[in-house]
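Structure data follow from upload_29.pdb (PDB, C-alpha atoms and all ligand atoms):
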MODEL        1
ATOM      1  CA  MET P  71      42.534 -80.334 115.521
ATOM      2  CA  GLU P  72      44.025 -83.598 114.313
ATOM      3  CA  LEU P  73      45.834 -82.453 111.193
ATOM      4  CA  ALA P  74      46.625 -85.911 109.846
ATOM      5  CA  TRP P  75      42.949 -86.902 109.987
ATOM      6  CA  ALA P  76      41.933 -83.544 108.513
ATOM      7  CA  ALA P  77      44.253 -84.211 105.540
ATOM      8  CA  ILE P  78      42.779 -87.698 105.099
ATOM      9  CA  GLY P  79      39.269 -86.178 105.285
ATOM     10  CA  LEU P  80      40.210 -83.597 102.642
ATOM     11  CA  ALA P  81      41.526 -86.247 100.242
ATOM     12  CA  ALA P  82      38.643 -88.669 100.847
ATOM     13  CA  GLY P  83      36.068 -85.867 100.591
ATOM     14  CA  ALA P  84      37.517 -84.623  97.296
ATOM     15  CA  ALA P  85      37.299 -88.157  95.858
ATOM     16  CA  ILE P  86      33.734 -88.633  97.179
ATOM     17  CA  GLY P  87      32.717 -85.204  95.814
ATOM     18  CA  ALA P  88      34.049 -86.210  92.377
ATOM     19  CA  ALA P  89      32.120 -89.490  92.585
ATOM     20  CA  LEU P  90      28.899 -87.656  93.522
ATOM     21  CA  ARG P  91      29.239 -85.119  90.673
ATOM     22  CA  GLY P  92      27.178 -87.310  88.318
ATOM     23  CA  THR P  93      24.358 -87.630  90.873
ATOM     24  CA  VAL P  94      24.295 -83.850  91.458
ATOM     25  CA  PHE P  95      24.219 -83.210  87.685
ATOM     26  CA  ARG P  96      21.387 -85.727  87.139
ATOM     27  CA  LEU P  97      19.240 -84.403  90.013
ATOM     28  CA  SER P  98      19.741 -80.671  89.318
ATOM     29  CA  VAL P  99      16.388 -80.361  87.554
ATOM     30  CA  SER P 100      13.164 -78.477  88.280
ATOM     31  CA  ALA P 101      10.454 -80.151  90.377
ATOM     32  CA  GLY P 102       8.588 -82.780  88.368
ATOM     33  CA  ASP P 103      11.250 -83.047  85.646
ATOM     34  CA  PRO P 104      12.989 -86.409  85.135
ATOM     35  CA  PRO P 105      16.696 -86.654  86.079
ATOM     36  CA  ARG P 106      19.083 -85.251  83.430
ATOM     37  CA  THR P 107      20.734 -88.073  81.526
ATOM     38  CA  SER P 108      22.257 -86.221  78.576
ATOM     39  CA  CYS P 109      24.946 -83.586  78.028
ATOM     40  CA  PRO P 110      23.485 -80.052  77.600
ATOM     41  CA  CYS P 111      25.899 -79.392  74.696
ATOM     42  CA  CYS P 112      25.830 -82.509  72.504
ATOM     43  CA  VAL P 113      22.953 -84.538  74.071
ATOM     44  CA  GLY P 114      25.385 -87.437  74.528
ATOM     45  CA  PRO P 115      24.818 -89.749  77.518
ATOM     46  CA  VAL P 116      26.174 -88.563  80.887
ATOM     47  CA  PRO P 117      28.142 -91.130  82.890
ATOM     48  CA  ARG P 118      26.500 -92.090  86.187
ATOM     49  CA  TRP P 119      29.732 -91.828  88.175
ATOM     50  CA  LEU P 120      32.768 -89.544  87.852
ATOM     51  CA  ALA P 121      30.828 -87.287  85.490
ATOM     52  CA  LEU P 122      33.498 -84.582  85.254
ATOM     53  CA  ARG P 123      33.277 -84.069  81.491
ATOM     54  CA  CYS P 124      30.992 -85.264  78.712
ATOM     55  CA  ARG P 125      32.645 -88.294  77.088
ATOM     56  CA  CYS P 126      31.387 -87.250  73.634
ATOM     57  CA  CYS P 127      32.146 -83.504  73.343
ATOM     58  CA  ARG P 128      34.442 -83.144  76.428
ATOM     59  CA  SER P 129      32.457 -80.144  77.757
ATOM     60  CA  ARG P 130      32.527 -79.722  81.550
ATOM     61  CA  LEU P 131      29.492 -80.938  83.519
ATOM     62  CA  GLY P 132      28.971 -78.330  86.245
ATOM     63  CA  THR P 133      31.478 -75.939  87.833
ATOM     64  CA  PRO P 134      34.881 -77.617  88.146
ATOM     65  CA  LEU P 135      36.231 -78.443  91.631
ATOM     66  CA  VAL P 136      33.476 -76.777  93.713
ATOM     67  CA  LEU P 137      31.798 -80.033  94.782
ATOM     68  CA  GLU P 138      35.160 -81.741  95.337
ATOM     69  CA  LEU P 139      36.588 -78.873  97.439
ATOM     70  CA  ALA P 140      33.382 -78.388  99.472
ATOM     71  CA  THR P 141      33.036 -82.111 100.261
ATOM     72  CA  GLY P 142      36.760 -82.272 101.070
ATOM     73  CA  ALA P 143      36.485 -79.244 103.389
ATOM     74  CA  VAL P 144      33.467 -80.662 105.281
ATOM     75  CA  LEU P 145      35.096 -84.072 105.810
ATOM     76  CA  ALA P 146      38.410 -82.429 106.772
ATOM     77  CA  LEU P 147      36.614 -80.319 109.419
ATOM     78  CA  LEU P 148      34.684 -83.322 110.794
ATOM     79  CA  LEU P 149      37.648 -85.728 110.933
ATOM     80  CA  GLY P 150      40.035 -82.988 112.101
ATOM     81  CA  ARG P 151      37.667 -82.022 114.931
ATOM     82  CA  PHE P 152      36.511 -85.464 116.078
ATOM     83  CA  GLY P 153      39.287 -87.803 114.891
ATOM     84  CA  VAL P 154      38.377 -91.416 114.231
ATOM     85  CA  GLN P 155      35.349 -92.558 116.209
ATOM     86  CA  PRO P 156      32.673 -95.128 115.308
ATOM     87  CA  ASP P 157      30.075 -92.389 114.665
ATOM     88  CA  MET P 158      32.306 -90.525 112.182
ATOM     89  CA  VAL P 159      31.245 -92.856 109.338
ATOM     90  CA  ALA P 160      27.670 -91.634 109.824
ATOM     91  CA  PHE P 161      28.720 -87.993 110.129
ATOM     92  CA  CYS P 162      30.983 -88.104 107.063
ATOM     93  CA  TYR P 163      28.193 -89.811 105.105
ATOM     94  CA  LEU P 164      25.740 -87.031 106.025
ATOM     95  CA  GLY P 165      28.447 -84.439 105.309
ATOM     96  CA  ALA P 166      28.992 -85.746 101.764
ATOM     97  CA  VAL P 167      25.262 -86.122 101.009
ATOM     98  CA  GLY P 168      24.672 -82.698 102.576
ATOM     99  CA  VAL P 169      27.153 -80.956 100.256
ATOM    100  CA  SER P 170      25.478 -82.565  97.218
ATOM    101  CA  LEU P 171      22.033 -81.525  98.498
ATOM    102  CA  ALA P 172      23.236 -77.963  99.145
ATOM    103  CA  ALA P 173      24.690 -77.782  95.609
ATOM    104  CA  ILE P 174      21.378 -78.924  94.080
ATOM    105  CA  ASP P 175      19.358 -76.558  96.310
ATOM    106  CA  ILE P 176      21.549 -73.590  95.308
ATOM    107  CA  SER P 177      21.225 -74.388  91.605
ATOM    108  CA  VAL P 178      17.534 -75.380  91.297
ATOM    109  CA  HIS P 179      15.944 -74.645  94.745
ATOM    110  CA  ARG P 180      15.135 -78.293  95.414
ATOM    111  CA  LEU P 181      16.190 -80.971  97.880
ATOM    112  CA  PRO P 182      15.300 -84.111  95.886
ATOM    113  CA  ASP P 183      13.699 -87.088  97.661
ATOM    114  CA  ALA P 184      16.045 -89.318  95.640
ATOM    115  CA  LEU P 185      18.854 -88.131  97.946
ATOM    116  CA  THR P 186      17.101 -87.282 101.227
ATOM    117  CA  LEU P 187      14.863 -90.344 101.671
ATOM    118  CA  PRO P 188      17.490 -93.112 101.155
ATOM    119  CA  ALA P 189      19.774 -91.187 103.541
ATOM    120  CA  TYR P 190      17.378 -91.926 106.464
ATOM    121  CA  PRO P 191      17.856 -95.730 106.607
ATOM    122  CA  VAL P 192      21.585 -95.435 105.814
ATOM    123  CA  LEU P 193      22.187 -92.851 108.540
ATOM    124  CA  ILE P 194      20.085 -94.744 111.115
ATOM    125  CA  VAL P 195      21.960 -98.012 110.393
ATOM    126  CA  LEU P 196      25.354 -96.254 110.615
ATOM    127  CA  LEU P 197      24.399 -94.575 113.911
ATOM    128  CA  ALA P 198      22.995 -97.875 115.251
ATOM    129  CA  LEU P 199      26.329 -99.574 114.417
ATOM    130  CA  ALA P 200      28.171 -96.739 116.188
ATOM    131  CA  ALA P 201      25.821 -97.143 119.173
ATOM    132  CA  LEU P 202      26.530-100.893 119.293
ATOM    133  CA  THR P 203      30.315-100.561 119.053
ATOM    134  CA  GLY P 204      30.551 -97.590 121.415
ATOM    135  CA  HIS P 205      27.772 -98.632 123.865
ATOM    136  CA  HIS P 206      25.865 -95.423 123.117
ATOM    137  CA  ALA P 207      22.257 -96.703 123.256
ATOM    138  CA  GLY P 208      21.147 -93.421 124.863
ATOM    139  CA  ALA P 209      22.659 -91.394 122.021
ATOM    140  CA  LEU P 210      20.774 -93.495 119.447
ATOM    141  CA  VAL P 211      17.448 -92.950 121.211
ATOM    142  CA  ARG P 212      18.194 -89.203 121.464
ATOM    143  CA  SER P 213      19.147 -89.180 117.784
ATOM    144  CA  LEU P 214      15.800 -90.688 116.734
ATOM    145  CA  ALA P 215      13.962 -88.267 119.039
ATOM    146  CA  GLY P 216      16.002 -85.370 117.596
ATOM    147  CA  CYS P 217      14.945 -86.433 114.096
ATOM    148  CA  VAL P 218      11.240 -86.338 115.025
ATOM    149  CA  VAL P 219      11.553 -83.060 116.988
ATOM    150  CA  LEU P 220      13.452 -81.127 114.292
ATOM    151  CA  ALA P 221      11.296 -82.421 111.410
ATOM    152  CA  ALA P 222       8.134 -81.577 113.403
ATOM    153  CA  ALA P 223       9.456 -78.077 114.212
ATOM    154  CA  TYR P 224      10.142 -77.434 110.511
ATOM    155  CA  LEU P 225       6.729 -78.851 109.587
ATOM    156  CA  VAL P 226       5.053 -76.361 111.964
ATOM    157  CA  LEU P 227       7.199 -73.484 110.631
ATOM    158  CA  GLY P 228       6.396 -74.556 107.057
ATOM    159  CA  LEU P 229       2.668 -74.528 107.834
ATOM    160  CA  LEU P 230       2.929 -71.126 109.568
ATOM    161  CA  ARG P 231       4.936 -69.578 106.710
ATOM    162  CA  PRO P 232       3.888 -71.332 103.519
ATOM    163  CA  GLY P 233       6.280 -70.779 100.618
ATOM    164  CA  GLN P 234       9.280 -70.174 102.899
ATOM    165  CA  LEU P 235      10.077 -73.756 103.870
ATOM    166  CA  GLY P 236       9.232 -76.652 101.555
ATOM    167  CA  GLY P 237       8.801 -80.409 102.009
ATOM    168  CA  GLY P 238      12.464 -80.910 101.101
ATOM    169  CA  ASP P 239      13.537 -78.648 103.989
ATOM    170  CA  ILE P 240      11.374 -80.650 106.422
ATOM    171  CA  LYS P 241      12.890 -83.969 105.248
ATOM    172  CA  LEU P 242      16.404 -82.491 105.456
ATOM    173  CA  ALA P 243      15.649 -81.188 108.969
ATOM    174  CA  GLY P 244      14.861 -84.776 110.032
ATOM    175  CA  LEU P 245      18.276 -85.911 108.755
ATOM    176  CA  ALA P 246      20.034 -83.044 110.539
ATOM    177  CA  GLY P 247      18.015 -83.912 113.663
ATOM    178  CA  LEU P 248      19.393 -87.467 113.599
ATOM    179  CA  ALA P 249      22.986 -86.186 113.622
ATOM    180  CA  LEU P 250      22.468 -83.278 116.026
ATOM    181  CA  GLY P 251      20.344 -85.366 118.412
ATOM    182  CA  TRP P 252      23.170 -87.924 118.569
ATOM    183  CA  LEU P 253      25.481 -85.163 119.816
ATOM    184  CA  GLY P 254      22.996 -83.882 122.432
ATOM    185  CA  TRP P 255      20.025 -81.580 122.893
ATOM    186  CA  PRO P 256      22.131 -78.385 123.313
ATOM    187  CA  VAL P 257      23.830 -79.136 119.958
ATOM    188  CA  LEU P 258      20.452 -79.729 118.306
ATOM    189  CA  LEU P 259      19.093 -76.449 119.648
ATOM    190  CA  ALA P 260      22.223 -74.519 118.603
ATOM    191  CA  GLY P 261      22.281 -76.149 115.143
ATOM    192  CA  ALA P 262      18.629 -75.325 114.489
ATOM    193  CA  ALA P 263      19.063 -71.714 115.663
ATOM    194  CA  LEU P 264      22.306 -71.195 113.712
ATOM    195  CA  GLY P 265      20.581 -72.240 110.474
ATOM    196  CA  PHE P 266      18.138 -69.340 110.830
ATOM    197  CA  VAL P 267      20.883 -66.916 111.942
ATOM    198  CA  LEU P 268      23.051 -67.791 108.902
ATOM    199  CA  SER P 269      20.060 -67.456 106.577
ATOM    200  CA  ALA P 270      19.142 -64.051 108.037
ATOM    201  CA  VAL P 271      22.721 -62.722 107.834
ATOM    202  CA  VAL P 272      23.198 -63.836 104.215
ATOM    203  CA  SER P 273      19.732 -62.568 103.207
ATOM    204  CA  LEU P 274      20.477 -59.134 104.719
ATOM    205  CA  GLY P 275      23.808 -59.067 102.888
ATOM    206  CA  LEU P 276      22.159 -59.980  99.569
ATOM    207  CA  LEU P 277      19.419 -57.378 100.181
ATOM    208  CA  ALA P 278      22.037 -54.709 100.919
ATOM    209  CA  ALA P 279      23.908 -55.671  97.754
ATOM    210  CA  ARG P 280      20.572 -55.569  95.832
ATOM    211  CA  ARG P 281      21.111 -59.134  94.653
ATOM    212  CA  ILE P 282      17.635 -60.092  95.961
ATOM    213  CA  THR P 283      14.424 -58.254  96.896
ATOM    214  CA  LEU P 284      12.073 -58.731  99.865
ATOM    215  CA  ARG P 285       9.928 -60.951  97.645
ATOM    216  CA  SER P 286      12.799 -63.226  96.609
ATOM    217  CA  GLN P 287      12.891 -66.793  97.896
ATOM    218  CA  ILE P 288      16.309 -68.050  98.887
ATOM    219  CA  CYS P 289      17.058 -71.738  99.332
ATOM    220  CA  PHE P 290      17.228 -72.792 102.991
ATOM    221  CA  GLY P 291      18.945 -76.198 102.735
ATOM    222  CA  PRO P 292      22.540 -74.867 102.716
ATOM    223  CA  PHE P 293      21.840 -72.758 105.840
ATOM    224  CA  LEU P 294      20.158 -75.640 107.666
ATOM    225  CA  LEU P 295      23.176 -77.847 106.900
ATOM    226  CA  GLY P 296      25.711 -75.070 107.588
ATOM    227  CA  GLY P 297      24.119 -74.339 110.984
ATOM    228  CA  ALA P 298      24.154 -78.034 111.877
ATOM    229  CA  LEU P 299      27.832 -78.358 110.868
ATOM    230  CA  LEU P 300      28.850 -75.246 112.822
ATOM    231  CA  ALA P 301      27.021 -76.430 115.965
ATOM    232  CA  ALA P 302      28.536 -79.932 115.692
ATOM    233  CA  LEU P 303      32.063 -78.511 115.285
ATOM    234  CA  ALA P 304      31.710 -75.851 117.986
ATOM    235  CA  ILE P 305      29.940 -77.693 120.793
ATOM    236  CA  GLY P 306      29.440 -81.299 119.591
TER     237      GLY P 306
HETATM  238 ZN    ZN P 401      28.570 -83.476  75.266
ENDMDL
END

Target format structure tokens, applied to this file:
Amino acid sequence: MELAWAAIGLAAGAAIGAALRGTVFRLSVSAGDPPRTSCPCCVGPVPRWLALRCRCCRSRLGTPLVLELATGAVLALLLGRFGVQPDMVAFCYLGAVGVSLAAIDISVHRLPDALTLPAYPVLIVLLALAALTGHHAGALVRSLAGCVVLAAAYLVLGLLRPGQLGGGDIKLAGLAGLALGWLGWPVLLAGAALGFVLSAVVSLGLLAARRITLRSQICFGPFLLGGALLAALAIG
């Protein structure tokens, strides 16, 4: 663990989480609804960036600090584990977008295209730059293959169990596949499996605590991302 880089990751992640707060607020809407642009209290306009409080009535927009601390923790873990390498820009980018996606999925059970789709070209360009600077052409090819394989696996699972996995999960699986494929096939396999293990463990816990029933649908995005992060940190 490189503590200095972990501290830098924590600080940078907290700042990035604060910057993404406006995006998370705007996109935390039900499927088909337009992005939220006004404060729920006074209907004043919500700033696009650094939307911590409404500028009109000063009410808080979302739970304070959660997004900042979660993004900071993810970037601290990634930079602390891997240090500074060309591919860390791509991984930190996916880490920050992933925390925002998980936050939206937990609050409204959606993984909006407005975040997942633009992340594909950005992540591919960042990984291609890392491949060029680090002479990792093989890793880039494996990354693209990992994207196709994981998205296809989720598509099949979604078709087999309709209602359990949605289109957003399939698109997110492709993004996770890009990152996990870059790190290697064993990491991709472990990341995919860990997502389901985490989901099962948490679901059993919530069932035992009577917080959900067997008919409840729980969001899968945070588990998919959590499994990918755990696999990357443990064996990446
Ligand atoms: Zn307001």

Inset, instruction - Check which residues satisfy the PyMOL selection byres (((not hetatm)) within 7 of (chain P and resi 401)) in the file shown, then give them as a PyMOL selection string. - result: chain P and resi 109-114+124-129

Inset, instruction - Using the chain letters and numbering of this document, enumerate as an MDAnalysis selection string the residues selected by the PyMOL selection byres (((chain P and resi 92-97) around 7) and not hetatm). - result: chainID P and resid 89:91 98:99 105:107 117:121 132 170 174

Inset, instruction - Would you please work out which residue, of P:Val167, P:Val211, P:Cys289, P:Val116, is nearest to Thr141 (chain P) when using all atoms listed in the file? - result: P:Val167

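Across P:Leu171, P:Leu220, P:Met158, P:Ala278, the tightest approach to Leu196 (chain P) is made by P:Met158 when counting only C-alpha atoms.
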
Inset, instruction - Could you please determine the separation between CA of Gly251 (chain P) and CA of Gly79 (chain P) in Å, to one decimal place? - result: 23.0 Å
